$ cat target-v8.tsv   # TSV, N, CA and C atoms
chain	number	residue	atom	x	y	z
A	759	SER	N	-164.96	-24.43	-71.54
A	759	SER	CA	-163.60	-24.79	-71.93
A	759	SER	C	-162.63	-24.69	-70.76
A	760	ASP	N	-163.13	-24.62	-69.52
A	760	ASP	CA	-162.24	-24.54	-68.36
A	760	ASP	C	-161.54	-25.87	-68.10
A	761	GLY	N	-162.26	-26.97	-68.26
A	761	GLY	CA	-161.67	-28.27	-68.00
A	761	GLY	C	-161.02	-28.84	-69.24
A	762	ARG	N	-160.55	-30.06	-69.15
A	762	ARG	CA	-159.87	-30.70	-70.27
A	762	ARG	C	-160.79	-31.63	-71.03
A	763	GLY	N	-162.05	-31.74	-70.61
A	763	GLY	CA	-163.04	-32.54	-71.34
A	763	GLY	C	-162.60	-33.97	-71.53
A	764	GLU	N	-162.69	-34.44	-72.76
A	764	GLU	CA	-162.36	-35.83	-73.06
A	764	GLU	C	-160.86	-36.10	-72.99
A	765	PHE	N	-160.05	-35.06	-72.83
A	765	PHE	CA	-158.61	-35.22	-72.77
A	765	PHE	C	-158.09	-35.27	-71.33
A	766	VAL	N	-158.99	-35.46	-70.35
A	766	VAL	CA	-158.63	-35.40	-68.94
A	766	VAL	C	-157.60	-36.45	-68.54
A	767	SER	N	-157.61	-37.61	-69.17
A	767	SER	CA	-156.67	-38.65	-68.79
A	767	SER	C	-155.45	-38.71	-69.71
A	768	ASP	N	-155.42	-37.89	-70.75
A	768	ASP	CA	-154.29	-37.90	-71.69
A	768	ASP	C	-153.05	-37.30	-71.05
A	769	MET	N	-151.96	-37.99	-71.14
A	769	MET	CA	-150.69	-37.48	-70.66
A	769	MET	C	-149.78	-37.12	-71.82
A	770	LEU	N	-149.99	-37.78	-72.97
A	770	LEU	CA	-149.15	-37.53	-74.13
A	770	LEU	C	-149.68	-36.38	-74.96
A	771	CYS	N	-148.79	-35.76	-75.68
A	771	CYS	CA	-149.13	-34.67	-76.59
A	771	CYS	C	-150.08	-35.19	-77.67
A	772	CYS	N	-151.12	-34.45	-77.95
A	772	CYS	CA	-152.08	-34.84	-78.99
A	772	CYS	C	-151.52	-34.63	-80.39
A	773	GLY	N	-150.41	-33.89	-80.50
A	773	GLY	CA	-149.81	-33.63	-81.80
A	773	GLY	C	-148.84	-34.73	-82.21
A	774	CYS	N	-147.81	-34.93	-81.41
A	774	CYS	CA	-146.76	-35.89	-81.78
A	774	CYS	C	-146.91	-37.23	-81.06
A	775	GLU	N	-147.64	-37.27	-79.98
A	775	GLU	CA	-147.85	-38.47	-79.16
A	775	GLU	C	-146.54	-39.07	-78.66
A	776	LYS	N	-145.51	-38.21	-78.50
A	776	LYS	CA	-144.22	-38.67	-78.00
A	776	LYS	C	-143.86	-38.02	-76.67
A	777	GLU	N	-144.14	-36.74	-76.54
A	777	GLU	CA	-143.80	-35.98	-75.35
A	777	GLU	C	-145.02	-35.84	-74.44
A	778	ASN	N	-144.78	-35.46	-73.19
A	778	ASN	CA	-145.89	-35.15	-72.29
A	778	ASN	C	-146.55	-33.86	-72.73
A	779	GLY	N	-147.86	-33.88	-72.79
A	779	GLY	CA	-148.60	-32.68	-73.17
A	779	GLY	C	-148.90	-31.85	-71.94
A	780	GLY	N	-148.28	-30.71	-71.83
A	780	GLY	CA	-148.46	-29.89	-70.65
A	780	GLY	C	-149.06	-28.53	-70.95
A	781	TYR	N	-149.45	-28.29	-72.20
A	781	TYR	CA	-149.94	-26.98	-72.59
A	781	TYR	C	-151.24	-27.10	-73.38
A	782	ARG	N	-152.14	-26.15	-73.15
A	782	ARG	CA	-153.42	-26.11	-73.87
A	782	ARG	C	-153.72	-24.67	-74.22
A	783	CYS	N	-154.09	-24.43	-75.46
A	783	CYS	CA	-154.45	-23.09	-75.89
A	783	CYS	C	-155.91	-22.82	-75.55
A	784	GLU	N	-156.15	-21.72	-74.86
A	784	GLU	CA	-157.52	-21.37	-74.48
A	784	GLU	C	-158.28	-20.74	-75.63
A	785	ASP	N	-157.59	-20.27	-76.65
A	785	ASP	CA	-158.24	-19.62	-77.77
A	785	ASP	C	-158.56	-20.56	-78.93
A	786	CYS	N	-157.86	-21.66	-79.03
A	786	CYS	CA	-158.12	-22.63	-80.10
A	786	CYS	C	-159.27	-23.56	-79.69
A	787	SER	N	-160.05	-23.98	-80.65
A	787	SER	CA	-161.12	-24.93	-80.34
A	787	SER	C	-160.52	-26.33	-80.30
A	788	GLY	N	-161.13	-27.19	-79.54
A	788	GLY	CA	-160.67	-28.57	-79.45
A	788	GLY	C	-160.19	-28.96	-78.07
A	789	GLY	N	-159.39	-28.13	-77.43
A	789	GLY	CA	-158.93	-28.40	-76.08
A	789	GLY	C	-157.81	-29.42	-75.98
A	790	GLU	N	-157.14	-29.73	-77.09
A	790	GLU	CA	-156.05	-30.70	-77.04
A	790	GLU	C	-154.89	-30.18	-76.20
A	791	VAL	N	-154.21	-31.11	-75.55
A	791	VAL	CA	-153.00	-30.75	-74.81
A	791	VAL	C	-151.81	-31.08	-75.70
A	792	LEU	N	-150.83	-30.19	-75.71
A	792	LEU	CA	-149.68	-30.31	-76.60
A	792	LEU	C	-148.38	-30.17	-75.83
A	793	CYS	N	-147.30	-30.69	-76.40
A	793	CYS	CA	-145.98	-30.43	-75.85
A	793	CYS	C	-145.54	-29.05	-76.34
A	794	MET	N	-144.47	-28.53	-75.79
A	794	MET	CA	-144.02	-27.19	-76.15
A	794	MET	C	-143.70	-27.09	-77.65
A	795	ALA	N	-143.03	-28.09	-78.21
A	795	ALA	CA	-142.65	-28.05	-79.62
A	795	ALA	C	-143.88	-27.99	-80.53
A	796	CYS	N	-144.87	-28.82	-80.26
A	796	CYS	CA	-146.09	-28.83	-81.08
A	796	CYS	C	-146.89	-27.54	-80.89
A	797	LEU	N	-146.91	-27.02	-79.67
A	797	LEU	CA	-147.61	-25.78	-79.41
A	797	LEU	C	-146.98	-24.63	-80.20
A	798	LEU	N	-145.65	-24.54	-80.17
A	798	LEU	CA	-144.97	-23.48	-80.90
A	798	LEU	C	-145.18	-23.61	-82.40
A	799	GLU	N	-145.13	-24.84	-82.89
A	799	GLU	CA	-145.33	-25.06	-84.33
A	799	GLU	C	-146.74	-24.68	-84.77
A	800	SER	N	-147.73	-25.02	-83.96
A	800	SER	CA	-149.11	-24.75	-84.34
A	800	SER	C	-149.52	-23.30	-84.13
A	801	HIS	N	-148.70	-22.53	-83.42
A	801	HIS	CA	-149.06	-21.14	-83.13
A	801	HIS	C	-148.12	-20.12	-83.77
A	802	GLN	N	-147.45	-20.50	-84.83
A	802	GLN	CA	-146.57	-19.56	-85.51
A	802	GLN	C	-147.35	-18.37	-86.06
A	803	ARG	N	-148.58	-18.59	-86.46
A	803	ARG	CA	-149.40	-17.50	-87.01
A	803	ARG	C	-150.38	-16.94	-85.99
A	804	ASN	N	-150.36	-17.46	-84.78
A	804	ASN	CA	-151.26	-17.00	-83.71
A	804	ASN	C	-150.47	-16.74	-82.42
A	805	PRO	N	-149.52	-15.84	-82.45
A	805	PRO	CA	-148.64	-15.66	-81.28
A	805	PRO	C	-149.33	-15.03	-80.07
A	806	LEU	N	-150.51	-14.47	-80.25
A	806	LEU	CA	-151.18	-13.81	-79.13
A	806	LEU	C	-152.23	-14.67	-78.44
A	807	HIS	N	-152.33	-15.93	-78.82
A	807	HIS	CA	-153.27	-16.83	-78.15
A	807	HIS	C	-152.85	-17.05	-76.71
A	808	CYS	N	-153.82	-17.28	-75.84
A	808	CYS	CA	-153.56	-17.53	-74.41
A	808	CYS	C	-153.31	-19.02	-74.19
A	809	VAL	N	-152.16	-19.34	-73.63
A	809	VAL	CA	-151.78	-20.72	-73.39
A	809	VAL	C	-151.88	-21.00	-71.90
A	810	LYS	N	-152.49	-22.13	-71.58
A	810	LYS	CA	-152.62	-22.54	-70.19
A	810	LYS	C	-151.67	-23.71	-69.94
A	811	VAL	N	-150.92	-23.62	-68.87
A	811	VAL	CA	-149.98	-24.68	-68.49
A	811	VAL	C	-150.67	-25.61	-67.54
A	812	ARG	N	-150.59	-26.89	-67.83
A	812	ARG	CA	-151.20	-27.89	-66.95
A	812	ARG	C	-150.39	-28.00	-65.68
A	813	ASN	N	-151.09	-28.09	-64.55
A	813	ASN	CA	-150.42	-28.26	-63.27
A	813	ASN	C	-149.79	-29.64	-63.21
A	814	ILE	N	-148.48	-29.67	-63.14
A	814	ILE	CA	-147.75	-30.93	-63.07
A	814	ILE	C	-147.02	-30.96	-61.73
A	815	ALA	N	-147.23	-32.01	-60.99
A	815	ALA	CA	-146.58	-32.13	-59.68
A	815	ALA	C	-145.10	-32.42	-59.89
A	816	VAL	N	-144.27	-31.54	-59.38
A	816	VAL	CA	-142.83	-31.73	-59.44
A	816	VAL	C	-142.27	-31.61	-58.05
A	817	SER	N	-141.21	-32.31	-57.79
A	817	SER	CA	-140.61	-32.21	-56.47
A	817	SER	C	-139.67	-31.02	-56.44
A	818	SER	N	-139.56	-30.44	-55.30
A	818	SER	CA	-138.71	-29.28	-55.08
A	818	SER	C	-137.57	-29.68	-54.16
A	819	PRO	N	-136.41	-29.05	-54.30
A	819	PRO	CA	-135.33	-29.35	-53.35
A	819	PRO	C	-135.73	-29.09	-51.91
A	820	LEU	N	-136.69	-28.20	-51.69
A	820	LEU	CA	-137.16	-27.92	-50.34
A	820	LEU	C	-137.94	-29.10	-49.74
A	821	ASP	N	-138.50	-29.95	-50.61
A	821	ASP	CA	-139.23	-31.14	-50.12
A	821	ASP	C	-138.31	-32.08	-49.34
A	822	GLU	N	-137.04	-32.10	-49.72
A	822	GLU	CA	-136.09	-32.99	-49.05
A	822	GLU	C	-135.76	-32.54	-47.64
A	823	LEU	N	-135.97	-31.25	-47.35
A	823	LEU	CA	-135.67	-30.71	-46.02
A	823	LEU	C	-136.77	-31.04	-45.01
A	824	LYS	N	-137.94	-31.39	-45.47
A	824	LYS	CA	-139.06	-31.67	-44.57
A	824	LYS	C	-138.89	-32.96	-43.84

$ encode --input "target-v8.tsv" --output "C-alpha cells"
Amino acid sequence: SDGRGEFVSDMLCCGCEKENGGYRCEDCSGGEVLCMACLLESHQRNPLHCVKVRNIAVSSPLDELK
C-alpha cells in the first residue's frame, strides 16, 4: 500500500470528483485519493487513521529569487 496503485494518474478526488485529491488514508483499504472535505467527512468516526499527503509541486516565493 506504499504506492497509489491504479490511482496513480488520478488528480481528482475519488469522492466528489470536483477537487484535486491530495490525501490518502493509509489505514483504509482501497487507496483512493480524496480532497480535504471528503477525507474529513469519511473519517468522522476514524479520527486516528494515518493520512498521507500527496507530494504536490508548488512554487515558492524563493523560486523567483533564483

$ closest_residue --input "target-v8.tsv" --among "A:Leu792, A:Cys774, A:Met769, A:Cys786" --to "Asn804 in chain A" --atoms "only C-alpha atoms"
A:Cys786

$ residues_around --input "target-v8.tsv" --residues "His807 in chain A" --least-positions-apart "5" --cutoff "8 Å" --atoms "only C-alpha atoms" --output "count of residues only"
5

$ closest_residue --input "target-v8.tsv" --among "A:Arg782, A:Ala795, A:Cys771, A:Glu777" --to "Val811 in chain A" --atoms "only N, CA and C atoms"
A:Arg782

$ residues_near_point --input "target-v8.tsv" --point "(-143.5, -27.1, -75.2)" --cutoff "8 Å" --atoms "all atoms listed in the file" --output "ChimeraX atom specification"
/A:778-781,792-798

$ select_by_dssp --input "target-v8.tsv" --residues "range 766-798 of chain A" --states "strand (DSSP E or B)" --output "list in words"
Leu770, Asn778, Tyr781, Arg782, Cys783 and Leu792 of chain A

$ atom_distance --input "target-v8.tsv" --atom1 "CA of Gly773 in chain A" --atom2 "CA of Ser800 in chain A"
9.3 Å

$ atom_distance --input "target-v8.tsv" --atom1 "atom C of Cys772 in chain A" --atom2 "atom C of Val791 in chain A"
5.9 Å

$ atom_distance --input "target-v8.tsv" --atom1 "atom N of Cys808 in chain A" --atom2 "atom C of Ser787 in chain A"
12.1 Å

$ build_atoms --input "target-v8.tsv" --residues "range 767-786 of chain A" --atoms "N, CA, C and O atoms" --output "short mmCIF file (atom, residue, chain, number, x, y, z; two decimals), in the coordinates of the input"
data_model
loop_
_atom_site.label_atom_id
_atom_site.label_comp_id
_atom_site.auth_asym_id
_atom_site.auth_seq_id
_atom_site.Cartn_x
_atom_site.Cartn_y
_atom_site.Cartn_z
N SER A 767 -157.61 -37.61 -69.17
CA SER A 767 -156.67 -38.65 -68.79
C SER A 767 -155.45 -38.71 -69.71
O SER A 767 -154.55 -39.51 -69.49
N ASP A 768 -155.42 -37.89 -70.75
CA ASP A 768 -154.29 -37.90 -71.69
C ASP A 768 -153.05 -37.30 -71.05
O ASP A 768 -153.10 -36.22 -70.49
N MET A 769 -151.96 -37.99 -71.14
CA MET A 769 -150.69 -37.48 -70.66
C MET A 769 -149.78 -37.12 -71.82
O MET A 769 -148.91 -36.29 -71.70
N LEU A 770 -149.99 -37.78 -72.97
CA LEU A 770 -149.15 -37.53 -74.13
C LEU A 770 -149.68 -36.38 -74.96
O LEU A 770 -150.87 -36.10 -74.98
N CYS A 771 -148.79 -35.76 -75.68
CA CYS A 771 -149.13 -34.67 -76.59
C CYS A 771 -150.08 -35.19 -77.67
O CYS A 771 -149.86 -36.26 -78.24
N CYS A 772 -151.12 -34.45 -77.95
CA CYS A 772 -152.08 -34.84 -78.99
C CYS A 772 -151.52 -34.63 -80.39
O CYS A 772 -152.06 -35.14 -81.37
N GLY A 773 -150.41 -33.89 -80.50
CA GLY A 773 -149.81 -33.63 -81.80
C GLY A 773 -148.84 -34.73 -82.21
O GLY A 773 -149.03 -35.39 -83.22
N CYS A 774 -147.81 -34.93 -81.41
CA CYS A 774 -146.76 -35.89 -81.78
C CYS A 774 -146.91 -37.23 -81.06
O CYS A 774 -146.31 -38.22 -81.47
N GLU A 775 -147.64 -37.27 -79.98
CA GLU A 775 -147.85 -38.47 -79.16
C GLU A 775 -146.54 -39.07 -78.66
O GLU A 775 -146.43 -40.26 -78.44
N LYS A 776 -145.51 -38.21 -78.50
CA LYS A 776 -144.22 -38.67 -78.00
C LYS A 776 -143.86 -38.02 -76.67
O LYS A 776 -143.31 -38.67 -75.80
N GLU A 777 -144.14 -36.74 -76.54
CA GLU A 777 -143.80 -35.98 -75.35
C GLU A 777 -145.02 -35.84 -74.44
O GLU A 777 -146.15 -36.06 -74.87
N ASN A 778 -144.78 -35.46 -73.19
CA ASN A 778 -145.89 -35.15 -72.29
C ASN A 778 -146.55 -33.86 -72.73
O ASN A 778 -145.86 -32.88 -73.01
N GLY A 779 -147.86 -33.88 -72.79
CA GLY A 779 -148.60 -32.68 -73.17
C GLY A 779 -148.90 -31.85 -71.94
O GLY A 779 -149.68 -32.26 -71.09
N GLY A 780 -148.28 -30.71 -71.83
CA GLY A 780 -148.46 -29.89 -70.65
C GLY A 780 -149.06 -28.53 -70.95
O GLY A 780 -149.17 -27.70 -70.06
N TYR A 781 -149.45 -28.29 -72.20
CA TYR A 781 -149.94 -26.98 -72.59
C TYR A 781 -151.24 -27.10 -73.38
O TYR A 781 -151.41 -28.02 -74.17
N ARG A 782 -152.14 -26.15 -73.15
CA ARG A 782 -153.42 -26.11 -73.87
C ARG A 782 -153.72 -24.67 -74.22
O ARG A 782 -153.63 -23.78 -73.37
N CYS A 783 -154.09 -24.43 -75.46
CA CYS A 783 -154.45 -23.09 -75.89
C CYS A 783 -155.91 -22.82 -75.55
O CYS A 783 -156.78 -23.61 -75.91
N GLU A 784 -156.15 -21.72 -74.86
CA GLU A 784 -157.52 -21.37 -74.48
C GLU A 784 -158.28 -20.74 -75.63
O GLU A 784 -159.50 -20.68 -75.60
N ASP A 785 -157.59 -20.27 -76.65
CA ASP A 785 -158.24 -19.62 -77.77
C ASP A 785 -158.56 -20.56 -78.93
O ASP A 785 -159.42 -20.26 -79.75
N CYS A 786 -157.86 -21.66 -79.03
CA CYS A 786 -158.12 -22.63 -80.10
C CYS A 786 -159.27 -23.56 -79.69
O CYS A 786 -159.41 -23.90 -78.52
#
